[in-house]
Amino acid sequence: MKIKSYFVLFNQMAFIALIVCLTGCSSHEIKEINIGYIGPLTTRATDLGIAPSQAMELVIEQYNKQRAPNEPKVNFFIEDDQWDKKNAIPAYNKLRKEHNIDVLFISNTDGTIAVQDKILAENVILVNPLNNDHLLASLNKNTFNIAKSTEDAMGLVALRIIQLNLQKVIILQYPNDFMKRGAMEVKRILDEVGIENKILEVGVGQEDFSDDISLMQTEAYDAYVFFGYKEFGFAMKQIREVGITAQFFGATTMMDPELYDNSEGTLINTEFPFFTAKDGNYILAENFLNDYENKYNEKLFSVWPAMQAYDAMRLTLNEIKKVNKDKKETEAFGDWLIESILKMEHYQGVCGNLRINEDGTSRGIYFSLYESTGKGEVSLINE
């Protein structure tokens, strides 16, 4: 009788376990997703790395607190590339080896290009949350660019030069793909209307521009365009010191506090493409910026990198949370996520209403032209 009782009890337990599994679990359910981020945390362009990483961390924290039981937990790991493309592959390899990441976010355009073969071979999905240009749009199917259009944003400088009827322009350009794309777009537009212009590529880390300035003085340019990072603050200061009063224009990076400090205030009155809460969904943007300030006890100087990163991560997580409901058992996670993002009709974010094109690029983030009025202060042109 005792043996029979054990046998009955065993059958009952097995039956209960079967019912629980059929109704509440799946053998191929994904419990966790690992996401990596590569961005500049030291050396250069840190405003394009620190604030975006913290914005994405905020999204993931909110997601993990609110996720349903059948939605995977998300883990987040960060590596510093110092805004140098040579660090992209080592950082990627570390994230894969130590954390087996499924999704990679990376800010640097050159770094995005550098890891293309790796992500395709290992079926990792890459999202660039800051840059979106014609070259990035041509990369492999695993790459998404959920960000502003480089050409649209930087082209605003050329349109403003035309509006002001300036006739001779020098473009100082940092030697990376993003700044080159911006410089070439300005040149293309100015060439079309016959405005004389020249691109001068500067050195990485260059702080002394005296030789370049001596040559530029003789050319009598009436517009100086600075497409680069914090070192161009020194160039602005040195140009003003020799008495050049020509109009200054800049890239989307002009709100870096270090650039302002290096310029010793000569950055003021520089006009450049920028994006604030007013350019996006104002209510959602203000809520995000308040959440950010409360969490990190920090008020952002340049809000657009953090806003774009927030949207890019949140959009991605909105798809990832569906994985255990929508993904077929035989389907690879990377393949499923590609199709899931591409099928997204629209996303209402802090930057505006975004849509994803067939080439993996986004539309819906539109910059305006602003003028520097002080450290961390801007005013909208023609407001």
# chains A, B, ... in the order shown; residues from 1 in each chain; ligands from 1
$ residues_around --residues "Thr245 (chain A)" --least-positions-apart "2" --cutoff "12 Å" --atoms "only C-alpha atoms" --output "list in words"
Gln217, Ala220, Tyr221, Asp222, Ala223, Tyr224, Met236, Lys237, Gln238, Ile239, Arg240, Glu241, Val242, Gly243, Gln247, Phe248, Thr266, Asn269 and Thr270 of chain A
$ closest_atom_pairs --of "region 49-164 of chain A" --to "region 334-358 of chain A" --cutoff "7 Å" --atoms "only C-alpha atoms" --output "Markdown table"
| residue | atom | partner | partner_atom | distance |
| --- | --- | --- | --- | --- |
| A:Asn123 | CA | A:Gly334 | CA | 5.6 |
| A:Val124 | CA | A:Gly334 | CA | 6.1 |
| A:Ile125 | CA | A:Gly334 | CA | 6.1 |
| A:Asn142 | CA | A:Ile338 | CA | 6.7 |
$ closest_residue --among "A:Asp133, A:Glu377, A:Asp117, A:Asp81" --to "Met254 (chain A)" --atoms "only C-alpha atoms"
A:Glu377
$ atom_distance --atom1 "CA of Ser107 (chain A)" --atom2 "CA of Ile38 (chain A)"
6.8 Å
$ atom_distance --atom1 "CA of Thr150 (chain A)" --atom2 "CA of Arg181 (chain A)"
7.3 Å
$ residues_around --residues "region 56-63 of chain A" --least-positions-apart "4" --cutoff "10 Å" --atoms "only C-alpha atoms" --output "number ranges by chain"
A: 35, 37, 51-52, 67-68, 71-78, 105, 129, 288, 291-292, 295-296, 306-315, 317-318, 321
$ closest_residue --among "A:Gln82, A:Ser138, A:Asn132, A:Ser372" --to "Leu259 (chain A)" --atoms "only C-alpha atoms"
A:Ser372
$ residues_around --residues "Lys198 (chain A)" --least-positions-apart "4" --cutoff "9 Å" --atoms "only C-alpha atoms" --output "list in words"
Lys168, Val169, Ile170, Ile171, Leu172 and Lys187 of chain A
$ atom_distance --atom1 "CA of Lys94 (chain A)" --atom2 "CA of Gly36 (chain A)"
9.9 Å
$ select_by_dssp --residues "region 179-249 of chain A" --states "strand (DSSP E)" --output "list in words"
Glu196, Asn197, Lys198, Ile199, Leu200, Glu201, Ala223, Tyr224, Val225, Phe226, Phe227, Gln247, Phe248 and Phe249 of chain A
$ write_last_selection --atoms "C-alpha atoms" --output "mmCIF file, in the first residue's frame"
data_model
loop_
_atom_site.group_PDB
_atom_site.id
_atom_site.type_symbol
_atom_site.label_atom_id
_atom_site.label_comp_id
_atom_site.auth_asym_id
_atom_site.auth_seq_id
_atom_site.Cartn_x
_atom_site.Cartn_y
_atom_site.Cartn_z
ATOM 1 C CA GLU A 196 33.148 80.163 -52.738
ATOM 2 C CA ASN A 197 34.136 77.652 -50.052
ATOM 3 C CA LYS A 198 37.016 75.496 -48.901
ATOM 4 C CA ILE A 199 37.369 72.563 -46.470
ATOM 5 C CA LEU A 200 40.438 72.496 -44.216
ATOM 6 C CA GLU A 201 40.997 69.194 -42.411
ATOM 7 C CA ALA A 223 32.293 82.869 -42.575
ATOM 8 C CA TYR A 224 34.181 80.315 -40.466
ATOM 9 C CA VAL A 225 32.563 76.903 -39.962
ATOM 10 C CA PHE A 226 33.833 74.640 -37.174
ATOM 11 C CA PHE A 227 32.927 70.982 -37.643
ATOM 12 C CA GLN A 247 30.642 85.104 -38.528
ATOM 13 C CA PHE A 248 31.186 81.753 -36.751
ATOM 14 C CA PHE A 249 29.151 78.619 -37.449
#
$ select_by_dssp --residues "region 31-74 of chain A" --states "helix (DSSP H, G or I)" --output "list of chain:residue names"
A:Thr46, A:Asp47, A:Leu48, A:Ile50, A:Ala51, A:Pro52, A:Ser53, A:Gln54, A:Ala55, A:Met56, A:Glu57, A:Leu58, A:Val59, A:Ile60, A:Glu61, A:Gln62, A:Tyr63, A:Asn64, A:Lys65, A:Gln66
$ residues_around --residues "Ala158 (chain A)" --least-positions-apart "4" --cutoff "10 Å" --atoms "only C-alpha atoms" --output "list in words"
Met154, Ile162, Gln163, Leu164, Leu166, Val169, Ala183, Glu185, Val186, Lys187, Arg188, Ile189, Leu190, Asp191, Ile195, Val225 and Phe249 of chain A
$ closest_residue --among "A:Gly194, A:Gly374, A:Pro305, A:Gly360" --to "Leu139 (chain A)" --atoms "only C-alpha atoms"
A:Gly360
$ closest_atom_pairs --of "region 137-189 of chain A" --to "region 378-381 of chain A" --cutoff "12 Å" --atoms "only C-alpha atoms" --output "CSV"
residue,atom,partner,partner_atom,distance
A:Leu156,CA,A:Ile381,CA,11.3
A:Val157,CA,A:Ile381,CA,11.6
A:Arg160,CA,A:Ile381,CA,9.7
A:Gln163,CA,A:Ile381,CA,12.0
$ residues_around --residues "Tyr260 (chain A)" --least-positions-apart "2" --cutoff "12 Å" --atoms "only C-alpha atoms" --output "NGL selection string"
:A and (229-237 or 253-258 or 262-270 or 301 or 372-377)
$ write_last_selection --atoms "N, CA and C atoms" --output "PDB file, in the first residue's frame"
ATOM      1  N   TYR A 229      35.267  69.168 -32.450  1.00  0.00           N
ATOM      2  CA  TYR A 229      35.003  68.956 -31.026  1.00  0.00           C
ATOM      3  C   TYR A 229      35.686  70.031 -30.174  1.00  0.00           C
ATOM      4  N   LYS A 230      36.013  69.704 -28.940  1.00  0.00           N
ATOM      5  CA  LYS A 230      36.425  70.703 -27.957  1.00  0.00           C
ATOM      6  C   LYS A 230      37.649  71.514 -28.370  1.00  0.00           C
ATOM      7  N   GLU A 231      38.549  70.923 -29.179  1.00  0.00           N
ATOM      8  CA  GLU A 231      39.760  71.637 -29.590  1.00  0.00           C
ATOM      9  C   GLU A 231      39.444  72.880 -30.430  1.00  0.00           C
ATOM     10  N   PHE A 232      38.290  72.897 -31.083  1.00  0.00           N
ATOM     11  CA  PHE A 232      37.953  74.062 -31.893  1.00  0.00           C
ATOM     12  C   PHE A 232      37.659  75.297 -31.050  1.00  0.00           C
ATOM     13  N   GLY A 233      37.484  75.115 -29.753  1.00  0.00           N
ATOM     14  CA  GLY A 233      37.392  76.279 -28.873  1.00  0.00           C
ATOM     15  C   GLY A 233      38.670  77.091 -28.914  1.00  0.00           C
ATOM     16  N   PHE A 234      39.817  76.399 -28.945  1.00  0.00           N
ATOM     17  CA  PHE A 234      41.106  77.103 -29.056  1.00  0.00           C
ATOM     18  C   PHE A 234      41.196  77.864 -30.383  1.00  0.00           C
ATOM     19  N   ALA A 235      40.713  77.237 -31.460  1.00  0.00           N
ATOM     20  CA  ALA A 235      40.747  77.892 -32.774  1.00  0.00           C
ATOM     21  C   ALA A 235      39.926  79.174 -32.761  1.00  0.00           C
ATOM     22  N   MET A 236      38.736  79.125 -32.166  1.00  0.00           N
ATOM     23  CA  MET A 236      37.880  80.320 -32.101  1.00  0.00           C
ATOM     24  C   MET A 236      38.588  81.447 -31.361  1.00  0.00           C
ATOM     25  N   LYS A 237      39.167  81.110 -30.228  1.00  0.00           N
ATOM     26  CA  LYS A 237      39.870  82.115 -29.424  1.00  0.00           C
ATOM     27  C   LYS A 237      41.026  82.726 -30.212  1.00  0.00           C
ATOM     28  N   THR A 253      27.875  69.770 -32.162  1.00  0.00           N
ATOM     29  CA  THR A 253      28.645  69.504 -30.943  1.00  0.00           C
ATOM     30  C   THR A 253      29.006  70.765 -30.163  1.00  0.00           C
ATOM     31  N   MET A 254      28.508  71.913 -30.566  1.00  0.00           N
ATOM     32  CA  MET A 254      28.960  73.183 -30.008  1.00  0.00           C
ATOM     33  C   MET A 254      28.587  73.393 -28.533  1.00  0.00           C
ATOM     34  N   MET A 255      27.705  72.567 -27.973  1.00  0.00           N
ATOM     35  CA  MET A 255      27.297  72.771 -26.586  1.00  0.00           C
ATOM     36  C   MET A 255      28.166  72.016 -25.584  1.00  0.00           C
ATOM     37  N   ASP A 256      29.247  71.429 -26.039  1.00  0.00           N
ATOM     38  CA  ASP A 256      30.178  70.777 -25.121  1.00  0.00           C
ATOM     39  C   ASP A 256      30.773  71.839 -24.193  1.00  0.00           C
ATOM     40  N   PRO A 257      30.620  71.701 -22.872  1.00  0.00           N
ATOM     41  CA  PRO A 257      31.152  72.722 -21.950  1.00  0.00           C
ATOM     42  C   PRO A 257      32.652  72.956 -22.105  1.00  0.00           C
ATOM     43  N   GLU A 258      33.412  71.896 -22.436  1.00  0.00           N
ATOM     44  CA  GLU A 258      34.858  72.046 -22.610  1.00  0.00           C
ATOM     45  C   GLU A 258      35.174  72.907 -23.826  1.00  0.00           C
ATOM     46  N   ASN A 262      37.371  76.265 -23.613  1.00  0.00           N
ATOM     47  CA  ASN A 262      38.561  76.454 -24.445  1.00  0.00           C
ATOM     48  C   ASN A 262      38.463  77.725 -25.285  1.00  0.00           C
ATOM     49  N   SER A 263      37.254  78.099 -25.641  1.00  0.00           N
ATOM     50  CA  SER A 263      37.064  79.300 -26.467  1.00  0.00           C
ATOM     51  C   SER A 263      37.152  80.584 -25.640  1.00  0.00           C
ATOM     52  N   GLU A 264      37.103  80.455 -24.307  1.00  0.00           N
ATOM     53  CA  GLU A 264      37.096  81.608 -23.395  1.00  0.00           C
ATOM     54  C   GLU A 264      36.006  82.612 -23.763  1.00  0.00           C
ATOM     55  N   GLY A 265      34.864  82.066 -24.128  1.00  0.00           N
ATOM     56  CA  GLY A 265      33.706  82.911 -24.406  1.00  0.00           C
ATOM     57  C   GLY A 265      33.549  83.342 -25.839  1.00  0.00           C
ATOM     58  N   THR A 266      34.562  83.112 -26.687  1.00  0.00           N
ATOM     59  CA  THR A 266      34.442  83.533 -28.091  1.00  0.00           C
ATOM     60  C   THR A 266      33.454  82.666 -28.868  1.00  0.00           C
ATOM     61  N   LEU A 267      32.987  81.593 -28.279  1.00  0.00           N
ATOM     62  CA  LEU A 267      31.941  80.762 -28.885  1.00  0.00           C
ATOM     63  C   LEU A 267      30.605  81.510 -28.967  1.00  0.00           C
ATOM     64  N   ILE A 268      30.405  82.484 -28.083  1.00  0.00           N
ATOM     65  CA  ILE A 268      29.142  83.235 -28.069  1.00  0.00           C
ATOM     66  C   ILE A 268      28.894  83.861 -29.437  1.00  0.00           C
ATOM     67  N   ASN A 269      27.633  83.787 -29.867  1.00  0.00           N
ATOM     68  CA  ASN A 269      27.138  84.261 -31.177  1.00  0.00           C
ATOM     69  C   ASN A 269      27.395  83.264 -32.305  1.00  0.00           C
ATOM     70  N   THR A 270      28.058  82.135 -32.006  1.00  0.00           N
ATOM     71  CA  THR A 270      28.210  81.086 -33.023  1.00  0.00           C
ATOM     72  C   THR A 270      26.856  80.450 -33.289  1.00  0.00           C
ATOM     73  N   PHE A 301      23.723  70.269 -20.438  1.00  0.00           N
ATOM     74  CA  PHE A 301      23.994  71.389 -21.331  1.00  0.00           C
ATOM     75  C   PHE A 301      23.444  71.073 -22.724  1.00  0.00           C
ATOM     76  N   SER A 372      24.645  80.457 -29.801  1.00  0.00           N
ATOM     77  CA  SER A 372      25.166  80.420 -28.439  1.00  0.00           C
ATOM     78  C   SER A 372      25.050  81.803 -27.800  1.00  0.00           C
ATOM     79  N   THR A 373      24.477  81.842 -26.600  1.00  0.00           N
ATOM     80  CA  THR A 373      24.348  83.106 -25.878  1.00  0.00           C
ATOM     81  C   THR A 373      25.129  83.087 -24.558  1.00  0.00           C
ATOM     82  N   GLY A 374      25.792  81.984 -24.270  1.00  0.00           N
ATOM     83  CA  GLY A 374      26.569  81.838 -23.042  1.00  0.00           C
ATOM     84  C   GLY A 374      26.843  80.365 -22.800  1.00  0.00           C
ATOM     85  N   LYS A 375      27.561  80.065 -21.741  1.00  0.00           N
ATOM     86  CA  LYS A 375      27.874  78.666 -21.447  1.00  0.00           C
ATOM     87  C   LYS A 375      26.589  77.914 -21.114  1.00  0.00           C
ATOM     88  N   GLY A 376      26.271  76.917 -21.940  1.00  0.00           N
ATOM     89  CA  GLY A 376      25.072  76.129 -21.734  1.00  0.00           C
ATOM     90  C   GLY A 376      23.787  76.851 -22.096  1.00  0.00           C
ATOM     91  N   GLU A 377      23.910  77.970 -22.804  1.00  0.00           N
ATOM     92  CA  GLU A 377      22.740  78.766 -23.142  1.00  0.00           C
ATOM     93  C   GLU A 377      22.647  78.996 -24.652  1.00  0.00           C
TER      94      GLU A 377
END
